[in-house]
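Structure below is model31.txt: compact mmCIF, C-alpha atoms.
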# COMPACT_ATOMS: atom_id res chain seq x y z
CA MET A 1 0.00 0.00 0.00
CA LEU A 2 1.20 3.51 -0.82
CA LYS A 3 2.40 5.34 2.27
CA GLN A 4 2.76 9.10 2.25
CA CYS A 5 3.11 12.10 4.50
CA PRO A 6 -0.08 13.83 5.70
CA ASN A 7 -1.55 16.89 4.00
CA ILE A 8 0.01 16.22 0.60
CA PRO A 9 -1.52 15.18 -2.73
CA ASN A 10 -2.04 11.51 -3.51
CA VAL A 11 0.52 10.38 -6.09
CA ASN A 12 -2.06 8.07 -7.62
CA ASN A 13 -4.50 10.82 -8.54
CA SER A 14 -4.63 13.71 -10.98
CA GLU A 15 -3.27 16.23 -8.50
CA LEU A 16 0.26 15.25 -9.50
CA THR A 17 0.09 15.89 -13.23
CA PRO A 18 3.35 16.52 -15.13
CA LEU A 19 4.58 20.05 -15.59
CA PRO A 20 4.10 21.25 -19.20
CA ARG A 21 6.97 21.78 -21.61
CA ASP A 22 6.57 25.56 -21.40
CA PHE A 23 7.64 25.35 -17.76
CA TYR A 24 11.06 24.05 -18.81
CA ASN A 25 11.41 26.12 -21.99
CA ARG A 26 12.57 29.17 -20.03
CA ASP A 27 15.66 30.71 -18.49
CA THR A 28 17.58 27.93 -16.73
CA ILE A 29 18.11 29.74 -13.44
CA GLU A 30 14.40 30.55 -13.25
CA VAL A 31 13.57 26.89 -13.82
CA ALA A 32 16.10 25.82 -11.18
CA ASN A 33 14.38 28.18 -8.75
CA ASP A 34 10.85 27.12 -9.65
CA LEU A 35 11.62 23.38 -9.41
CA LEU A 36 12.23 23.75 -5.68
CA GLY A 37 9.27 22.36 -3.81
CA CYS A 38 8.04 20.45 -6.86
CA TRP A 39 7.40 16.72 -6.76
CA LEU A 40 9.66 14.23 -8.50
CA VAL A 41 7.48 11.19 -9.19
CA ARG A 42 8.85 7.76 -10.12
CA GLU A 43 6.66 4.88 -11.31
CA ILE A 44 8.00 1.32 -11.45
CA ASN A 45 5.76 -1.63 -12.36
CA GLY A 46 2.68 0.33 -11.39
CA GLU A 47 4.03 1.41 -7.99
CA GLN A 48 4.68 5.09 -7.45
CA MET A 49 7.16 6.90 -5.23
CA ALA A 50 7.46 10.65 -4.84
CA ALA A 51 9.90 13.12 -3.35
CA ARG A 52 9.99 16.87 -2.97
CA ILE A 53 12.85 18.64 -4.77
CA VAL A 54 14.83 20.63 -2.18
CA GLU A 55 18.08 21.43 -4.03
CA THR A 56 19.03 22.16 -7.64
CA GLU A 57 21.92 23.46 -9.74
CA ALA A 58 21.66 25.42 -12.99
CA TYR A 59 23.99 24.68 -15.94
CA CYS A 60 23.71 27.46 -18.45
CA GLY A 61 24.81 26.28 -21.87
CA ALA A 62 27.88 26.34 -24.05
CA GLU A 63 29.25 29.54 -22.49
CA ASP A 64 29.13 28.06 -18.98
CA SER A 65 32.52 26.41 -18.46
CA ALA A 66 31.02 24.08 -15.84
CA CYS A 67 28.43 22.75 -18.28
CA HIS A 68 29.03 19.51 -20.20
CA ALA A 69 27.98 21.29 -23.40
CA HIS A 70 30.80 23.82 -23.00
CA ARG A 71 33.36 21.66 -24.76
CA ARG A 72 31.40 20.23 -27.68
CA ARG A 73 28.28 18.44 -28.76
CA SER A 74 28.65 14.69 -28.27
CA PRO A 75 26.55 11.53 -27.98
CA ARG A 76 26.70 12.00 -24.21
CA THR A 77 25.29 15.54 -24.30
CA GLU A 78 22.88 15.14 -27.23
CA ALA A 79 19.80 15.30 -24.99
CA MET A 80 20.82 18.76 -23.79
CA PHE A 81 20.52 20.10 -27.35
CA GLY A 82 17.00 18.74 -27.76
CA PRO A 83 13.60 19.95 -26.57
CA ALA A 84 13.12 21.21 -23.04
CA GLY A 85 11.48 18.91 -20.52
CA HIS A 86 13.56 15.82 -21.25
CA ALA A 87 15.89 13.99 -18.87
CA TYR A 88 19.65 14.25 -19.24
CA VAL A 89 21.10 11.37 -17.21
CA TYR A 90 24.83 10.73 -16.99
CA LEU A 91 27.33 8.70 -14.98
CA VAL A 92 30.02 10.24 -12.76
CA TYR A 93 33.00 8.50 -11.14
CA GLY A 94 31.90 5.35 -12.94
CA MET A 95 29.25 4.68 -10.30
CA HIS A 96 26.71 7.49 -9.75
CA TRP A 97 23.89 8.38 -12.15
CA LEU A 98 22.81 12.02 -12.00
CA LEU A 99 19.44 13.37 -13.12
CA ASN A 100 19.20 16.66 -15.00
CA VAL A 101 16.20 18.33 -16.61
CA VAL A 102 16.79 19.95 -20.03
CA THR A 103 15.76 23.61 -20.25
CA GLU A 104 15.50 26.41 -22.82
CA PRO A 105 14.89 26.11 -26.61
CA VAL A 106 16.36 23.46 -28.90
CA ASP A 107 20.10 23.90 -29.53
CA SER A 108 20.53 25.95 -26.36
CA PRO A 109 22.13 23.17 -24.27
CA CYS A 110 21.12 23.99 -20.71
CA ALA A 111 19.92 21.83 -17.85
CA VAL A 112 19.09 21.77 -14.15
CA LEU A 113 20.67 19.12 -11.92
CA ILE A 114 18.40 17.68 -9.23
CA ARG A 115 20.76 17.61 -6.23
CA ALA A 116 18.57 16.48 -3.33
CA VAL A 117 15.01 15.39 -2.60
CA GLU A 118 12.85 14.83 0.48
CA PRO A 119 10.82 11.60 0.37
CA THR A 120 7.12 12.37 0.59
CA ALA A 121 5.31 9.28 -0.66
CA ASN A 122 6.21 5.58 -0.41
CA GLU A 123 9.45 6.19 1.42
CA ASP A 124 9.49 2.54 2.49
CA ALA A 125 9.81 1.50 -1.15
CA MET A 126 12.70 3.90 -1.63
CA ARG A 127 14.47 2.48 1.40
CA ALA A 128 13.94 -1.05 0.14
CA ILE A 129 15.78 -0.06 -3.04
CA ARG A 130 18.56 1.95 -1.37
CA GLN A 131 19.27 0.74 2.14
CA ALA A 132 20.51 3.89 3.82
CA THR A 133 19.86 5.38 7.21
CA GLY A 134 18.11 8.67 7.81
CA LYS A 135 18.59 11.44 5.30
CA GLN A 136 21.43 9.59 3.58
CA LEU A 137 18.66 8.04 1.52
CA SER A 138 18.38 10.97 -0.89
CA ASN A 139 20.33 14.03 0.29
CA GLY A 140 22.64 14.01 -2.72
CA PRO A 141 22.36 13.67 -6.50
CA GLY A 142 23.75 10.14 -6.73
CA LYS A 143 21.82 8.98 -3.69
CA LEU A 144 18.41 10.10 -4.96
CA THR A 145 18.86 8.37 -8.32
CA ARG A 146 19.65 5.09 -6.57
CA ALA A 147 16.66 5.42 -4.27
CA LEU A 148 14.38 6.09 -7.25
CA MET A 149 16.08 3.66 -9.67
CA ILE A 150 17.01 6.35 -12.18
CA ASP A 151 19.76 5.38 -14.61
CA LYS A 152 20.77 5.48 -18.28
CA ALA A 153 17.52 3.79 -19.31
CA LEU A 154 15.81 7.15 -18.64
CA TYR A 155 18.25 9.18 -20.74
CA GLY A 156 16.16 11.44 -22.99
CA HIS A 157 12.92 10.50 -21.21
CA ASP A 158 10.09 13.00 -21.74
CA LEU A 159 9.25 14.35 -18.29
CA THR A 160 6.08 16.05 -19.55
CA GLN A 161 4.36 12.66 -19.86
CA ARG A 162 2.78 10.82 -16.93
CA HIS A 163 4.89 7.72 -17.41
CA GLN A 164 7.83 6.28 -15.44
CA LEU A 165 9.27 9.63 -14.33
CA TRP A 166 7.84 13.14 -14.18
CA ILE A 167 7.73 16.33 -12.10
CA SER A 168 4.54 17.95 -10.87
CA ALA A 169 3.74 21.47 -9.70
CA ALA A 170 5.25 22.98 -6.59
CA THR A 171 3.64 23.23 -3.20
CA PRO A 172 4.31 26.27 -0.96
CA HIS A 173 7.88 26.12 0.29
CA GLU A 174 10.49 27.79 2.47
CA PRO A 175 12.66 30.75 1.40
CA ILE A 176 15.33 29.94 -1.19
CA VAL A 177 19.07 30.26 -0.62
CA THR A 178 21.71 30.41 -3.37
CA GLY A 179 25.44 29.72 -3.53
CA PRO A 180 28.22 28.33 -5.75
CA ARG A 181 27.78 24.95 -7.40
CA VAL A 182 29.56 21.85 -6.14
CA GLY A 183 32.48 19.93 -7.67
CA ILE A 184 33.32 22.34 -10.51
CA ASP A 185 36.84 23.43 -9.58
CA TYR A 186 37.79 23.10 -13.26
CA ALA A 187 35.43 25.92 -14.31
CA LEU A 188 36.39 29.54 -14.92
CA PRO A 189 36.17 31.70 -11.77
CA GLU A 190 33.09 33.58 -12.95
CA HIS A 191 31.27 30.28 -13.43
CA ARG A 192 32.78 28.49 -10.45
CA ASP A 193 31.63 31.26 -8.11
CA ALA A 194 28.26 31.99 -9.70
CA PRO A 195 25.36 31.48 -7.24
CA TRP A 196 23.69 28.85 -9.40
CA ARG A 197 23.11 26.27 -6.70
CA LEU A 198 19.71 26.79 -5.09
CA TRP A 199 18.11 25.13 -2.09
CA LEU A 200 15.26 25.44 0.39
CA LYS A 201 16.47 27.25 3.48
CA ASP A 202 16.93 25.05 6.55
CA ASN A 203 15.54 21.95 4.82
CA PRO A 204 17.28 18.99 6.49
CA TRP A 205 17.37 16.96 3.25
CA VAL A 206 19.66 19.42 1.43
CA SER A 207 23.02 17.86 0.57
CA LYS A 208 26.13 18.42 2.64
CA ALA A 209 27.87 20.32 -0.15
CA ARG A 210 31.65 19.97 -0.30
Using structure tokens, write down the structure that the file contains.
Amino acid sequence: MLKQCPNIPNVNNSELTPLPRDFYNRDTIEVANDLLGCWLVREINGEQMAARIVETEAYCGAEDSACHAHRRRSPRTEAMFGPAGHAYVYLVYGMHWLLNVVTEPVDSPCAVLIRAVEPTANEDAMRAIRQATGKQLSNGPGKLTRALMIDKALYGHDLTQRHQLWISAATPHEPIVTGPRVGIDYALPEHRDAPWRLWLKDNPWVSKAR
């Protein structure tokens, strides 16, 4: 049976409909801001899990030296050059899949990284998949993809469709804090120090950024 927190929508009903493509086809930093508080919904074999997005990072196209599209277009980054609202999933350190949402018009390769989520529905199922204690379950980008079984199979997935993986509209949330992104020491100073990491203030599920 689906277990969820009180006073939140039921993930099995129409309250959690996917965000439309127009939501994503906008300025990347605005999308990164507006995704906070939204619901990331994962459906596997008819069972649904959901988590509230509490931390994001914006990657702003070919001119952003921290963005994968900065160097060149490649098979790995092809999804970033396509329509907004699709998933860009990639592997880091040979072991962690990271989930990004493509933003802006076609051929403007931008995306928002989902850095941390707060389980809100069917947390038991998430913990059965990723056996971690407390907030270690999903307080980081590689952790949340394991807990929600997100990997290369969802590369290019259309998040505007109510199937397998989607994001639904935000609920009221805490104030937003911004700061530099994580793990981009290779980037130019103006990009390395840009306040393009965003998170919900005082939310305990935000990652322990290093």
Which residues are near Cys60 in chain A? Cut-off 8 Å, only C-alpha atoms, ignore same chain within fewer than 5 positions. Put them as a short mmCIF file (atom, residue, chain, number, x, y, z; two decimals) with C-alpha atoms, keeping the file's coordinate frame.
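The resulting file, result_29.cif, is shown below:
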data_model
loop_
_atom_site.label_atom_id
_atom_site.label_comp_id
_atom_site.auth_asym_id
_atom_site.auth_seq_id
_atom_site.Cartn_x
_atom_site.Cartn_y
_atom_site.Cartn_z
CA THR A 28 17.58 27.93 -16.73
CA ILE A 29 18.11 29.74 -13.44
CA CYS A 67 28.43 22.75 -18.28
CA PRO A 109 22.13 23.17 -24.27
CA CYS A 110 21.12 23.99 -20.71
CA ALA A 111 19.92 21.83 -17.85
#
Coordinates-based distance that separates CA of Met80 in chain A from CA of His68 in chain A (Å, one decimal):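 These two atoms are separated by 9.0 Å.
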Pick from A:Gln48, A:Ser138, A:Ser207, A:Ser74: nearest to Arg162 in chain A, with all atoms listed in the file counted?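 Of A:Gln48, A:Ser138, A:Ser207, A:Ser74, the one nearest Arg162 in chain A, counting all atoms listed in the file, is A:Gln48.
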Would you kindly return, as a ChimeraX atom specification, each protein, DNA or RNA residue with an atom no farther than 12 Å from any atom of Asp27 in chain A, considering all atoms listed in the file and excluding same-chain residues fewer than 5 positions away? /A:22,32-34,58-61,84,102-105,108-112
From the list A:Arg42, A:Lys201, A:Arg192, A:Arg71, which residue is nearest His173 in chain A when using all atoms listed in the file?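 The shortest atom-to-atom distance to His173 in chain A comes from A:Lys201.
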Measuring atom to atom with all atoms listed in the file, identify which of A:Ala153, A:Ala209, A:Met126, A:Val106 is nearest to Val89 in chain A.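 Of all the options, A:Ala153 lies closest to Val89 in chain A.
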Out of A:Phe81, A:Tyr155, A:Tyr24, A:Tyr88, which residue has the shortest atom-to-atom distance to Asp107 in chain A when counting all atoms listed in the file?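 Smallest separation from Asp107 in chain A among the options: A:Phe81.
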Nearest to Ile44 in chain A among A:Ala132, A:Ala194, A:Ala125, A:Ile184, with distances taken over only C-alpha atoms: which residue is it?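 Looking only at the distances to Ile44 in chain A, the closest residue turns out to be A:Ala125.
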How many Å lie between CA of His86 in chain A and CA of Glu190 in chain A, rounded to one decimal?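 That distance, rounded to one decimal, is 27.7 Å.
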What gap, in Å, lies between CA of Leu91 in chain A and CA of Ser65 in chain A? 18.8 Å
Can you tell me, as a PyMOL selection string, what residues are no more than 9 Å from Val117 in chain A when counting all atoms listed in the file, ignoring any on the same chain fewer than 2 positions away? chain A and resi 39-40+51-55+114-115+119+138-141+144+205-207
Looking at A:Leu113, A:Ala121, A:Ala147, A:Ala87, which one is nearest to Ala50 in chain A, with distances taken over all atoms listed in the file?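 For Ala50 in chain A, the nearest of the candidates is A:Ala121.
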Box along x, y and z, 6 Å on every side, all listed atoms of range 159-175 of chain A inside: centre and edge lengths in Å to one decimal, as JSON.
{"center_x": 7.7, "center_y": 18.5, "center_z": -8.7, "size_x": 21.9, "size_y": 36.5, "size_z": 34.3}
Using all atoms listed in the file - which residues lie no farther than 10 Å from the point (17.9, 34.9, -3.4) in the file's frame? Write them as a list of chain:residue names. A:Asn33, A:Pro175, A:Ile176, A:Val177, A:Thr178, A:Gly179, A:Pro195, A:Leu198, A:Trp199
Do you know which residues lie at most 12 Å from (3.1, 23.9, -22.5), with coordinates as in the file and all atoms listed in the file counted, and could you write them as a count of residues only? 14
